[in-house]
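Asks: My structure file protein.pdb, PDB, C-alpha atoms, is below:
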```pdb
ATOM      1  CA  MET A   1     -47.328  63.445  29.919
ATOM      2  CA  GLY A   2     -50.502  63.880  27.886
ATOM      3  CA  GLY A   3     -50.610  64.242  24.109
ATOM      4  CA  THR A   4     -47.377  64.464  22.140
ATOM      5  CA  LEU A   5     -43.911  65.459  23.260
ATOM      6  CA  ALA A   6     -44.402  68.696  21.318
ATOM      7  CA  ASP A   7     -47.551  69.412  23.347
ATOM      8  CA  ASP A   8     -45.597  68.777  26.527
ATOM      9  CA  ILE A   9     -42.835  71.174  25.486
ATOM     10  CA  ARG A  10     -45.351  73.900  24.593
ATOM     11  CA  SER A  11     -47.127  73.515  27.924
ATOM     12  CA  ARG A  12     -43.835  74.050  29.791
ATOM     13  CA  LEU A  13     -42.543  77.070  27.864
ATOM     14  CA  GLY A  14     -43.537  79.356  30.730
ATOM     15  CA  ASP A  15     -41.281  77.398  33.112
ATOM     16  CA  LEU A  16     -38.173  77.949  31.004
ATOM     17  CA  SER A  17     -35.616  80.732  31.094
ATOM     18  CA  PRO A  18     -35.343  82.982  27.991
ATOM     19  CA  ALA A  19     -32.309  81.028  26.754
ATOM     20  CA  GLU A  20     -34.025  77.683  27.380
ATOM     21  CA  ARG A  21     -37.113  78.909  25.503
ATOM     22  CA  LYS A  22     -34.861  79.521  22.479
ATOM     23  CA  VAL A  23     -33.887  75.855  22.633
ATOM     24  CA  ALA A  24     -37.505  74.754  23.002
ATOM     25  CA  ARG A  25     -38.560  76.830  19.993
ATOM     26  CA  VAL A  26     -35.810  75.275  17.867
ATOM     27  CA  LEU A  27     -37.028  71.817  18.905
ATOM     28  CA  LEU A  28     -40.648  72.708  18.111
ATOM     29  CA  ALA A  29     -39.811  74.387  14.785
ATOM     30  CA  GLY A  30     -38.105  71.243  13.509
ATOM     31  CA  TYR A  31     -40.194  68.694  15.390
ATOM     32  CA  PRO A  32     -39.684  65.774  15.481
ATOM     33  CA  ALA A  33     -36.412  65.582  13.527
ATOM     34  CA  ALA A  34     -34.758  68.432  15.450
ATOM     35  CA  ILE A  35     -34.826  66.444  18.691
ATOM     36  CA  PHE A  36     -32.559  63.818  17.120
ATOM     37  CA  GLU A  37     -29.892  66.420  16.291
ATOM     38  CA  THR A  38     -26.752  66.611  18.418
ATOM     39  CA  VAL A  39     -26.669  68.923  21.432
ATOM     40  CA  ALA A  40     -24.009  71.026  19.700
ATOM     41  CA  THR A  41     -26.135  71.473  16.568
ATOM     42  CA  ILE A  42     -29.211  72.482  18.567
ATOM     43  CA  ALA A  43     -27.141  74.912  20.640
ATOM     44  CA  GLU A  44     -25.790  76.522  17.470
ATOM     45  CA  ARG A  45     -29.260  76.895  15.951
ATOM     46  CA  ALA A  46     -30.629  78.411  19.145
ATOM     47  CA  SER A  47     -27.560  80.647  19.632
ATOM     48  CA  VAL A  48     -27.020  79.309  23.137
ATOM     49  CA  SER A  49     -24.423  77.148  24.871
ATOM     50  CA  ALA A  50     -24.497  73.338  24.982
ATOM     51  CA  PRO A  51     -25.123  73.350  28.768
ATOM     52  CA  THR A  52     -28.250  75.438  28.123
ATOM     53  CA  VAL A  53     -29.606  72.682  25.863
ATOM     54  CA  LEU A  54     -28.981  70.143  28.605
ATOM     55  CA  ARG A  55     -30.618  72.366  31.230
ATOM     56  CA  CYS A  56     -33.627  72.778  28.948
ATOM     57  CA  ALA A  57     -34.079  68.999  28.751
ATOM     58  CA  SER A  58     -33.801  68.782  32.527
ATOM     59  CA  ARG A  59     -36.303  71.616  33.041
ATOM     60  CA  LEU A  60     -38.734  69.812  30.741
ATOM     61  CA  GLY A  61     -38.665  66.888  33.175
ATOM     62  CA  TYR A  62     -36.087  64.568  31.601
ATOM     63  CA  ARG A  63     -32.908  63.139  33.146
ATOM     64  CA  GLY A  64     -30.903  64.377  30.193
ATOM     65  CA  PHE A  65     -31.016  64.926  26.466
ATOM     66  CA  PRO A  66     -30.773  61.191  25.635
ATOM     67  CA  ASP A  67     -33.822  60.664  27.868
ATOM     68  CA  LEU A  68     -35.716  63.304  25.870
ATOM     69  CA  GLN A  69     -34.758  61.560  22.630
ATOM     70  CA  ALA A  70     -35.836  58.194  24.054
ATOM     71  CA  ALA A  71     -39.256  59.666  24.896
ATOM     72  CA  LEU A  72     -39.639  60.805  21.289
ATOM     73  CA  ARG A  73     -38.635  57.377  19.963
ATOM     74  CA  ALA A  74     -41.315  55.788  22.150
ATOM     75  CA  GLU A  75     -43.860  58.301  20.883
ATOM     76  CA  LEU A  76     -43.006  57.611  17.246
ATOM     77  CA  GLU A  77     -43.231  53.863  17.825
ATOM     78  CA  ALA A  78     -46.654  54.296  19.415
ATOM     79  CA  ARG A  79     -47.737  56.576  16.589
ATOM     80  CA  HIS A  80     -47.108  53.918  13.975
ATOM     81  CA  ALA A  81     -48.165  50.907  16.035
ATOM     82  CA  SER A  82     -50.315  48.331  14.262
ATOM     83  CA  PRO A  83     -52.824  45.974  15.903
ATOM     84  CA  ILE A  84     -50.240  43.194  15.535
ATOM     85  CA  THR A  85     -47.484  45.103  17.349
ATOM     86  CA  LEU A  86     -49.929  46.182  20.060
ATOM     87  CA  TYR A  87     -51.055  42.579  20.499
ATOM     88  CA  GLU A  88     -47.499  41.281  20.691
ATOM     89  CA  SER A  89     -46.370  44.043  23.063
ATOM     90  CA  ALA A  90     -49.148  43.093  25.501
ATOM     91  CA  GLY A  91     -47.180  39.945  26.367
ATOM     92  CA  PRO A  92     -48.123  36.281  26.726
ATOM     93  CA  ALA A  93     -50.339  36.814  29.780
ATOM     94  CA  LYS A  94     -52.808  39.007  27.985
ATOM     95  CA  ALA A  95     -52.689  36.914  24.824
ATOM     96  CA  GLN A  96     -53.578  33.803  26.815
ATOM     97  CA  GLU A  97     -56.523  35.281  28.732
ATOM     98  CA  PRO A  98     -59.810  33.410  28.320
ATOM     99  CA  SER A  99     -61.893  34.839  25.530
ATOM    100  CA  ALA A 100     -65.354  36.261  26.093
ATOM    101  CA  GLY A 101     -66.812  33.036  24.721
ATOM    102  CA  GLN A 102     -65.023  30.824  27.250
ATOM    103  CA  PRO A 103     -66.371  30.022  30.660
ATOM    104  CA  GLY A 104     -64.272  30.976  33.645
ATOM    105  CA  GLU A 105     -62.954  34.065  35.333
ATOM    106  CA  GLY A 106     -61.787  35.884  32.210
ATOM    107  CA  ASP A 107     -65.146  37.333  31.207
ATOM    108  CA  GLU A 108     -65.787  39.834  34.002
ATOM    109  CA  PRO A 109     -62.258  41.276  34.262
ATOM    110  CA  VAL A 110     -62.089  41.862  30.505
ATOM    111  CA  ALA A 111     -65.500  43.547  30.462
ATOM    112  CA  GLY A 112     -64.661  45.596  33.518
ATOM    113  CA  ARG A 113     -61.318  46.674  32.103
ATOM    114  CA  SER A 114     -62.953  47.633  28.799
ATOM    115  CA  LEU A 115     -65.542  49.757  30.585
ATOM    116  CA  ALA A 116     -62.902  51.492  32.697
ATOM    117  CA  LEU A 117     -60.724  52.265  29.681
ATOM    118  CA  VAL A 118     -63.632  53.604  27.633
ATOM    119  CA  GLN A 119     -64.803  55.803  30.494
ATOM    120  CA  GLN A 120     -61.304  57.154  31.005
ATOM    121  CA  ALA A 121     -60.807  57.750  27.269
ATOM    122  CA  LEU A 122     -64.153  59.546  26.970
ATOM    123  CA  SER A 123     -63.450  61.770  29.949
ATOM    124  CA  GLN A 124     -59.939  62.621  28.798
ATOM    125  CA  THR A 125     -61.058  63.272  25.220
ATOM    126  CA  PHE A 126     -63.654  65.827  26.236
ATOM    127  CA  SER A 127     -61.423  67.449  28.862
ATOM    128  CA  GLU A 128     -58.682  67.956  26.269
ATOM    129  CA  VAL A 129     -60.865  69.297  23.443
ATOM    130  CA  SER A 130     -60.119  72.961  22.861
ATOM    131  CA  PRO A 131     -63.338  75.024  23.064
ATOM    132  CA  HIS A 132     -61.893  77.278  20.363
ATOM    133  CA  GLU A 133     -61.186  74.366  17.996
ATOM    134  CA  PHE A 134     -64.566  72.782  18.672
ATOM    135  CA  GLY A 135     -66.360  76.089  18.141
ATOM    136  CA  LEU A 136     -64.531  76.753  14.885
ATOM    137  CA  ALA A 137     -65.432  73.284  13.598
ATOM    138  CA  VAL A 138     -69.106  73.942  14.357
ATOM    139  CA  LYS A 139     -68.917  77.373  12.723
ATOM    140  CA  LEU A 140     -67.463  75.907   9.521
ATOM    141  CA  LEU A 141     -69.915  73.004   9.376
ATOM    142  CA  SER A 142     -72.915  75.258   9.982
ATOM    143  CA  ASP A 143     -72.011  77.855   7.336
ATOM    144  CA  PRO A 144     -74.590  77.284   4.554
ATOM    145  CA  ARG A 145     -72.320  78.988   2.000
ATOM    146  CA  ARG A 146     -69.715  76.280   2.350
ATOM    147  CA  ARG A 147     -69.598  72.834   0.783
ATOM    148  CA  ILE A 148     -68.651  69.970   3.081
ATOM    149  CA  HIS A 149     -66.528  67.027   1.880
ATOM    150  CA  LEU A 150     -65.677  64.059   4.098
ATOM    151  CA  THR A 151     -63.210  61.201   3.919
ATOM    152  CA  GLY A 152     -61.752  58.561   6.247
ATOM    153  CA  GLY A 153     -59.483  55.546   6.383
ATOM    154  CA  ARG A 154     -59.751  51.754   6.614
ATOM    155  CA  PHE A 155     -62.088  51.849   9.590
ATOM    156  CA  THR A 156     -62.623  55.560  10.076
ATOM    157  CA  HIS A 157     -64.483  55.949   6.782
ATOM    158  CA  LEU A 158     -67.397  54.668   8.871
ATOM    159  CA  LEU A 159     -67.028  57.695  11.136
ATOM    160  CA  ALA A 160     -66.835  60.032   8.145
ATOM    161  CA  GLU A 161     -70.047  58.508   6.860
ATOM    162  CA  TYR A 162     -71.689  58.775  10.279
ATOM    163  CA  LEU A 163     -70.950  62.487  10.480
ATOM    164  CA  GLY A 164     -71.786  63.090   6.825
ATOM    165  CA  LEU A 165     -75.130  61.283   6.911
ATOM    166  CA  HIS A 166     -76.186  63.375   9.902
ATOM    167  CA  LEU A 167     -75.131  66.618   8.235
ATOM    168  CA  MET A 168     -77.036  65.686   5.064
ATOM    169  CA  GLN A 169     -80.271  65.582   7.023
ATOM    170  CA  PHE A 170     -80.148  69.209   8.065
ATOM    171  CA  ARG A 171     -77.951  71.080   5.593
ATOM    172  CA  ASP A 172     -77.187  71.097   1.868
ATOM    173  CA  GLN A 173     -73.938  70.558  -0.037
ATOM    174  CA  VAL A 174     -72.519  67.593   1.855
ATOM    175  CA  ALA A 175     -70.617  64.888  -0.055
ATOM    176  CA  PHE A 176     -68.046  62.127   0.436
ATOM    177  CA  VAL A 177     -64.692  62.116  -1.338
ATOM    178  CA  PRO A 178     -65.024  59.369  -3.991
ATOM    179  CA  GLU A 179     -63.007  56.162  -3.671
ATOM    180  CA  ARG A 180     -62.460  55.359  -7.360
ATOM    181  CA  ASP A 181     -59.313  56.916  -8.810
ATOM    182  CA  VAL A 182     -60.781  58.867 -11.741
ATOM    183  CA  GLU A 183     -63.690  60.197  -9.698
ATOM    184  CA  ARG A 184     -61.437  61.126  -6.786
ATOM    185  CA  ALA A 185     -58.975  63.000  -9.016
ATOM    186  CA  ALA A 186     -61.814  64.934 -10.651
ATOM    187  CA  PHE A 187     -63.392  65.680  -7.272
ATOM    188  CA  LEU A 188     -60.171  66.950  -5.692
ATOM    189  CA  THR A 189     -59.379  69.065  -8.755
ATOM    190  CA  GLN A 190     -62.570  71.035  -8.093
ATOM    191  CA  LEU A 191     -61.796  71.939  -4.469
ATOM    192  CA  ALA A 192     -62.201  75.680  -3.902
ATOM    193  CA  ARG A 193     -62.167  78.433  -1.270
ATOM    194  CA  ARG A 194     -65.675  77.799   0.044
ATOM    195  CA  ASP A 195     -65.050  74.109   0.678
ATOM    196  CA  VAL A 196     -64.567  72.452   4.066
ATOM    197  CA  THR A 197     -62.736  69.116   3.881
ATOM    198  CA  VAL A 198     -63.251  66.865   6.906
ATOM    199  CA  ILE A 199     -60.630  64.133   7.317
ATOM    200  CA  PHE A 200     -60.564  61.192   9.734
ATOM    201  CA  ASP A 201     -57.066  59.747  10.042
ATOM    202  CA  TYR A 202     -55.865  57.587  12.935
ATOM    203  CA  ARG A 203     -52.758  55.453  13.326
ATOM    204  CA  ARG A 204     -51.557  53.803  11.110
ATOM    205  CA  TYR A 205     -51.960  56.984   9.053
ATOM    206  CA  GLU A 206     -52.725  56.909   5.341
ATOM    207  CA  GLY A 207     -50.567  59.042   3.074
ATOM    208  CA  ASP A 208     -53.380  60.194   0.818
ATOM    209  CA  LYS A 209     -55.108  61.979   3.720
ATOM    210  CA  ALA A 210     -52.217  64.397   4.153
ATOM    211  CA  VAL A 211     -52.197  65.037   0.401
ATOM    212  CA  ILE A 212     -55.947  65.731   0.399
ATOM    213  CA  ALA A 213     -55.523  68.181   3.283
ATOM    214  CA  GLU A 214     -52.647  69.890   1.509
ATOM    215  CA  LEU A 215     -54.633  70.204  -1.735
ATOM    216  CA  ALA A 216     -57.619  71.645   0.114
ATOM    217  CA  ARG A 217     -55.470  74.301   1.803
ATOM    218  CA  GLU A 218     -53.655  75.161  -1.428
ATOM    219  CA  ARG A 219     -57.016  75.961  -3.005
ATOM    220  CA  GLY A 220     -57.948  78.246  -0.130
ATOM    221  CA  GLY A 221     -60.405  75.898   1.552
ATOM    222  CA  LYS A 222     -60.692  74.917   5.209
ATOM    223  CA  VAL A 223     -59.638  71.589   6.691
ATOM    224  CA  ILE A 224     -60.961  69.817   9.795
ATOM    225  CA  VAL A 225     -59.005  66.776  10.978
ATOM    226  CA  PHE A 226     -60.227  64.182  13.483
ATOM    227  CA  THR A 227     -57.226  62.215  14.737
ATOM    228  CA  ASP A 228     -55.543  60.561  17.736
ATOM    229  CA  PRO A 229     -53.160  62.128  20.293
ATOM    230  CA  TRP A 230     -50.125  61.365  18.116
ATOM    231  CA  LEU A 231     -51.602  63.480  15.294
ATOM    232  CA  SER A 232     -52.066  62.478  11.680
ATOM    233  CA  PRO A 233     -49.624  64.137   9.243
ATOM    234  CA  SER A 234     -52.706  65.819   7.737
ATOM    235  CA  ALA A 235     -53.001  67.849  10.951
ATOM    236  CA  SER A 236     -50.122  70.052   9.784
ATOM    237  CA  HIS A 237     -52.416  71.384   7.027
ATOM    238  CA  ALA A 238     -55.548  71.691   9.172
ATOM    239  CA  ASP A 239     -57.455  74.736  10.393
ATOM    240  CA  VAL A 240     -59.078  72.625  13.097
ATOM    241  CA  VAL A 241     -57.696  69.514  14.804
ATOM    242  CA  LEU A 242     -59.977  67.477  17.082
ATOM    243  CA  THR A 243     -58.150  64.676  18.897
ATOM    244  CA  SER A 244     -59.622  61.652  20.644
ATOM    245  CA  GLN A 245     -58.103  59.113  23.000
ATOM    246  CA  VAL A 246     -58.004  55.568  21.618
ATOM    247  CA  ASN A 247     -57.222  53.401  24.670
ATOM    248  CA  SER A 248     -58.899  49.996  24.619
ATOM    249  CA  ALA A 249     -58.643  46.542  26.156
ATOM    250  CA  SER A 250     -57.786  45.011  22.768
ATOM    251  CA  PRO A 251     -54.972  45.587  20.255
ATOM    252  CA  TYR A 252     -57.405  47.687  18.226
ATOM    253  CA  ASP A 253     -57.768  51.378  18.946
ATOM    254  CA  SER A 254     -61.136  52.390  20.355
ATOM    255  CA  LEU A 255     -63.144  54.814  18.232
ATOM    256  CA  THR A 256     -65.875  55.196  20.852
ATOM    257  CA  PRO A 257     -64.544  58.571  22.093
ATOM    258  CA  THR A 258     -64.435  59.830  18.499
ATOM    259  CA  LEU A 259     -68.030  58.740  17.961
ATOM    260  CA  ALA A 260     -69.069  60.646  21.090
ATOM    261  CA  LEU A 261     -67.162  63.699  19.872
ATOM    262  CA  ILE A 262     -68.910  63.488  16.493
ATOM    263  CA  GLU A 263     -72.306  63.380  18.178
ATOM    264  CA  SER A 264     -71.416  66.499  20.145
ATOM    265  CA  VAL A 265     -70.369  68.244  16.932
ATOM    266  CA  VAL A 266     -73.648  67.203  15.291
ATOM    267  CA  ALA A 267     -75.727  68.499  18.216
ATOM    268  CA  SER A 268     -73.877  71.827  18.262
ATOM    269  CA  THR A 269     -74.062  72.260  14.480
ATOM    270  CA  LEU A 270     -77.778  71.505  14.511
ATOM    271  CA  GLY A 271     -78.266  74.076  17.267
ATOM    272  CA  GLU A 272     -76.230  76.650  15.355
ATOM    273  CA  LEU A 273     -78.343  76.252  12.204
ATOM    274  CA  GLY A 274     -81.567  76.467  14.215
ATOM    275  CA  ALA A 275     -84.864  76.883  12.330
ATOM    276  CA  GLU A 276     -83.152  76.480   8.971
ATOM    277  CA  ALA A 277     -81.956  72.996   9.937
ATOM    278  CA  HIS A 278     -85.397  72.110  11.310
ATOM    279  CA  GLN A 279     -87.036  73.001   8.021
ATOM    280  CA  ARG A 280     -84.393  71.080   6.045
ATOM    281  CA  MET A 281     -85.072  67.998   8.187
ATOM    282  CA  LYS A 282     -88.819  68.268   7.583
ATOM    283  CA  ASP A 283     -88.307  68.670   3.825
ATOM    284  CA  ALA A 284     -85.987  65.657   3.707
ATOM    285  CA  GLU A 285     -88.417  63.503   5.665
ATOM    286  CA  ALA A 286     -91.295  64.533   3.402
ATOM    287  CA  VAL A 287     -89.299  63.503   0.338
ATOM    288  CA  ALA A 288     -88.291  60.229   2.000
ATOM    289  CA  ARG A 289     -91.916  59.388   2.783
ATOM    290  CA  ARG A 290     -93.076  60.318  -0.699
ATOM    291  CA  THR A 291     -90.446  58.091  -2.323
ATOM    292  CA  GLY A 292     -91.093  55.185   0.044
ATOM    293  CA  LEU A 293     -87.801  55.480   1.920
ATOM    294  CA  LEU A 294     -89.607  55.805   5.236
TER     295      LEU A 294
END
```
Could I get this file's structure written as structure tokens?
Replies:
Amino acid sequence: MGGTLADDIRSRLGDLSPAERKVARVLLAGYPAAIFETVATIAERASVSAPTVLRCASRLGYRGFPDLQAALRAELEARHASPITLYESAGPAKAQEPSAGQPGEGDEPVAGRSLALVQQALSQTFSEVSPHEFGLAVKLLSDPRRRIHLTGGRFTHLLAEYLGLHLMQFRDQVAFVPERDVERAAFLTQLARRDVTVIFDYRRYEGDKAVIAELARERGGKVIVFTDPWLSPSASHADVVLTSQVNSASPYDSLTPTLALIESVVASTLGELGAEAHQRMKDAEAVARRTGLL
């Protein structure tokens, strides 16, 4: 199963009977909490019989409804996994492997495994990106009438800065959401309809990112969220969601696929802006040379 359990259910809707689809829609409408309801409660909400709920779980590929619930529990645990829990769940064997600085047979396998995981994550990330979502992100970022605001988390603020610094070179009105409380409150108070807020939020998710996304949507603006397959809570307020795989050979999630996705967004946005972006780049470089920055 790729992505979330909700994604899996949506992808199988066409395989279900009309009554089973009613069950699936109830599960999706209240996801994830609805899946932890009793079979009787779900049947009542879907206006079907209890056996229909059980058949739906079976048709979705599970041995029964408890198996479906167990899959969701595993997903939620993975969604909130920290580097410590990932390290501990790897078991003693992995924890005791020779480090890259030690001589012996540990070096090559670790490097080889890292390469294989990164290649797989890159390939899967780009195969799963929706052309519609990607195109809409590029359209929003290349609209010169819109202001672009970016923010990220503990590590992903680096990705927000990477995207933002590129955009600054070939378009105007790009800024980062301030970190200091007073400045951030003032900044978010001014969000408006022509703003595009770009949020990077990967597990473990940060509560303020969902609030920022919600504020941006309330003020009529657009929201682009970069996140992992388990989806940041901010994704529920987003106009565009771009997910990246995070598999790695360490307890830390890999952000390499996200970086590659960002570079693709940059290339496409630059191409969309065309001659206007080229001129903006030349003007910026001229100013940088004149002020001794180059």
Asks: My list of candidates is A:Gly220, A:Gly30, A:Pro257, A:Gly274. Which is closest to Ser127 (chain A) when distances are computed with only C-alpha atoms?
Replies: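 Of the candidates, the smallest distance to Ser127 (chain A) is held by A:Pro257.
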Asks: Which of these residues is nearest to Tyr252 (chain A), using only C-alpha atoms: A:Leu165, A:Val225, A:Arg204, A:Arg25?
Replies: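 Comparing A:Leu165, A:Val225, A:Arg204, A:Arg25 against Tyr252 (chain A), the winner is A:Arg204.
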Asks: Run the PyMOL selection byres ((chain A and resi 56) around 8) mentally over the shown coordinates, then write out the matched residues as a ChimeraX atom specification, using the chain letters and numbers from the document.
Replies: /A:16,20-21,23-24,52-55,57-60
Asks: Between CA of Gln190 (chain A) and CA of Ala175 (chain A), what is the distance in Å, rounded to a tenth?
Replies: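 So the two atoms, CA of Gln190 (chain A) and CA of Ala175 (chain A), lie 12.9 Å apart.
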Asks: Evaluating the PyMOL selection byres ((chain A and resi 196) around 8) on the displayed file yields which residues, as a PyMOL selection string?
Replies: chain A and resi 140-141+146-149+194-195+197-198+221-224
Asks: Could you tell me which residues the PyMOL selection byres ((chain A and resi 182-189) around 10) returns for this structure, as a ChimeraX atom specification?
Replies: /A:149,176-181,190-192,212,215-216,219
Asks: Extract, using only C-alpha atoms, all DNA, RNA and protein residues at most 12 Å from Leu294 (chain A), discarding same-chain residues fewer than 5 positions from it, and format them as a PyMOL selection string.
Replies: chain A and resi 284-289
Asks: Which neighbours of Ala137 (chain A) fall inside 9 Å, counting all atoms listed in the file, when residues of the same chain fewer than 5 positions from it are skipped, and could you give them as a ChimeraX atom specification?
Replies: /A:132,142,224,239-242,265,269
Asks: Would you please work out which residue, of A:Gln119, A:Ser264, A:Ser236, A:Ser248, is nearest to His166 (chain A) when using all atoms listed in the file?
Replies: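 Nearest to His166 (chain A): A:Ser264.
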Asks: Do you have the CA of Leu115 (chain A)-CA of Ala249 (chain A) distance handy?
Replies: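 So the two atoms, CA of Leu115 (chain A) and CA of Ala249 (chain A), lie 8.8 Å apart.
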Asks: Work out how far apart CA of Phe226 (chain A) and CA of Arg10 (chain A) are and give it in Å to one decimal.
Replies: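 Separation between CA of Phe226 (chain A) and CA of Arg10 (chain A): 21.0 Å.
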Asks: Determine the nearest neighbour of Gln245 (chain A) from the options A:Phe134, A:Trp230, A:Tyr205, A:Phe155, counting only C-alpha atoms.
Replies: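 Closest residue, counting only C-alpha atoms: A:Trp230.
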Asks: Tell me which of A:Arg154, A:Arg193, A:Arg73, A:Arg145 sits closest to Val174 (chain A), counting all atoms listed in the file.
Replies: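 Looking only at the distances to Val174 (chain A), the closest residue turns out to be A:Arg145.
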Asks: Check the smallest atom-to-atom distance from each of A:Ala43, A:Ala19, A:Ala121, A:Ala111 to Pro229 (chain A) using all atoms listed in the file, then report the winner.
Replies: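 Among the listed residues, the smallest separation from Pro229 (chain A) belongs to A:Ala121.
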Asks: Write out as a list of chain:residue names the residues lying within 9 Å of Leu261 (chain A), counting all atoms listed in the file and excluding same-chain residues fewer than 5 positions away.
Replies: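 Result of the neighbour search: A:Leu122, A:Thr125, A:Phe126, A:Leu242, A:Ser244, A:Thr256, A:Val266.
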Asks: Anything within 6 Å of (-51.4, 67.7, 4.3): list those residues as a PyMOL selection string, counting all atoms listed in the file and sticking to the file's coordinates.
Replies: chain A and resi 210-211+213-214+234+237
Asks: Show me, as AutoDock Vina command-line options, the centre and edge lengths in Å to one decimal of the axis-aligned box that covers every listed atom of region 23-34 of chain A with 5 Å on each side.
Replies:
```
--center_x -37.3 --center_y 71.2 --center_z 18.3 --size_x 16.8 --size_y 21.2 --size_z 19.5
```
Asks: Using only C-alpha atoms, list the residues that have an atom at most 10 Å from (-44.1, 64.4, 24.6), coordinates as in the file, as a PyMOL selection string.
Replies: chain A and resi 1-10+60+68-69+71-72+74-75+230
Asks: Could I get region 146-152 of chain A rebuilt with all heavy atoms, written as a PDB file, keeping the file's coordinate frame?
Replies:
```
ATOM      1  N   ARG A 146     -70.847  77.185   2.579  1.00  0.00           N
ATOM      2  CA  ARG A 146     -69.715  76.280   2.350  1.00  0.00           C
ATOM      3  C   ARG A 146     -70.180  74.880   1.949  1.00  0.00           C
ATOM      4  O   ARG A 146     -71.215  74.418   2.401  1.00  0.00           O
ATOM      5  CB  ARG A 146     -68.857  76.188   3.618  1.00  0.00           C
ATOM      6  CG  ARG A 146     -68.151  77.483   3.967  1.00  0.00           C
ATOM      7  CD  ARG A 146     -67.201  77.284   5.123  1.00  0.00           C
ATOM      8  NE  ARG A 146     -66.472  78.502   5.455  1.00  0.00           N
ATOM      9  CZ  ARG A 146     -65.361  78.913   4.850  1.00  0.00           C
ATOM     10  NH1 ARG A 146     -64.837  78.185   3.869  1.00  0.00           N
ATOM     11  NH2 ARG A 146     -64.760  80.025   5.208  1.00  0.00           N
ATOM     12  N   ARG A 147     -69.367  74.234   1.124  1.00  0.00           N
ATOM     13  CA  ARG A 147     -69.598  72.834   0.783  1.00  0.00           C
ATOM     14  C   ARG A 147     -68.759  71.969   1.719  1.00  0.00           C
ATOM     15  O   ARG A 147     -67.620  72.309   2.029  1.00  0.00           O
ATOM     16  CB  ARG A 147     -69.196  72.561  -0.674  1.00  0.00           C
ATOM     17  CG  ARG A 147     -69.979  73.370  -1.691  1.00  0.00           C
ATOM     18  CD  ARG A 147     -69.624  72.976  -3.116  1.00  0.00           C
ATOM     19  NE  ARG A 147     -68.192  73.174  -3.403  1.00  0.00           N
ATOM     20  CZ  ARG A 147     -67.641  72.967  -4.605  1.00  0.00           C
ATOM     21  NH1 ARG A 147     -68.392  72.529  -5.602  1.00  0.00           N
ATOM     22  NH2 ARG A 147     -66.346  73.172  -4.786  1.00  0.00           N
ATOM     23  N   ILE A 148     -69.331  70.867   2.149  1.00  0.00           N
ATOM     24  CA  ILE A 148     -68.651  69.970   3.081  1.00  0.00           C
ATOM     25  C   ILE A 148     -68.281  68.676   2.376  1.00  0.00           C
ATOM     26  O   ILE A 148     -69.135  68.031   1.762  1.00  0.00           O
ATOM     27  CB  ILE A 148     -69.540  69.638   4.303  1.00  0.00           C
ATOM     28  CG1 ILE A 148     -70.139  70.906   4.903  1.00  0.00           C
ATOM     29  CG2 ILE A 148     -68.747  68.840   5.328  1.00  0.00           C
ATOM     30  CD1 ILE A 148     -69.130  71.877   5.459  1.00  0.00           C
ATOM     31  N   HIS A 149     -67.000  68.293   2.451  1.00  0.00           N
ATOM     32  CA  HIS A 149     -66.528  67.027   1.880  1.00  0.00           C
ATOM     33  C   HIS A 149     -65.901  66.204   2.996  1.00  0.00           C
ATOM     34  O   HIS A 149     -65.150  66.733   3.821  1.00  0.00           O
ATOM     35  CB  HIS A 149     -65.490  67.268   0.786  1.00  0.00           C
ATOM     36  CG  HIS A 149     -65.905  68.301  -0.221  1.00  0.00           C
ATOM     37  ND1 HIS A 149     -67.096  68.229  -0.901  1.00  0.00           N
ATOM     38  CD2 HIS A 149     -65.286  69.432  -0.653  1.00  0.00           C
ATOM     39  CE1 HIS A 149     -67.190  69.272  -1.721  1.00  0.00           C
ATOM     40  NE2 HIS A 149     -66.114  70.010  -1.586  1.00  0.00           N
ATOM     41  N   LEU A 150     -66.184  64.910   3.021  1.00  0.00           N
ATOM     42  CA  LEU A 150     -65.677  64.059   4.098  1.00  0.00           C
ATOM     43  C   LEU A 150     -64.957  62.830   3.560  1.00  0.00           C
ATOM     44  O   LEU A 150     -65.349  62.271   2.523  1.00  0.00           O
ATOM     45  CB  LEU A 150     -66.820  63.601   5.010  1.00  0.00           C
ATOM     46  CG  LEU A 150     -67.670  64.699   5.650  1.00  0.00           C
ATOM     47  CD1 LEU A 150     -68.969  64.862   4.889  1.00  0.00           C
ATOM     48  CD2 LEU A 150     -67.979  64.405   7.112  1.00  0.00           C
ATOM     49  N   THR A 151     -63.922  62.416   4.290  1.00  0.00           N
ATOM     50  CA  THR A 151     -63.210  61.201   3.919  1.00  0.00           C
ATOM     51  C   THR A 151     -62.572  60.587   5.161  1.00  0.00           C
ATOM     52  O   THR A 151     -62.291  61.288   6.139  1.00  0.00           O
ATOM     53  CB  THR A 151     -62.120  61.489   2.862  1.00  0.00           C
ATOM     54  OG1 THR A 151     -61.537  60.257   2.422  1.00  0.00           O
ATOM     55  CG2 THR A 151     -61.024  62.389   3.409  1.00  0.00           C
ATOM     56  N   GLY A 152     -62.364  59.260   5.130  1.00  0.00           N
ATOM     57  CA  GLY A 152     -61.752  58.561   6.247  1.00  0.00           C
ATOM     58  C   GLY A 152     -60.883  57.428   5.769  1.00  0.00           C
ATOM     59  O   GLY A 152     -60.666  57.254   4.561  1.00  0.00           O
TER      60      GLY A 152
END
```
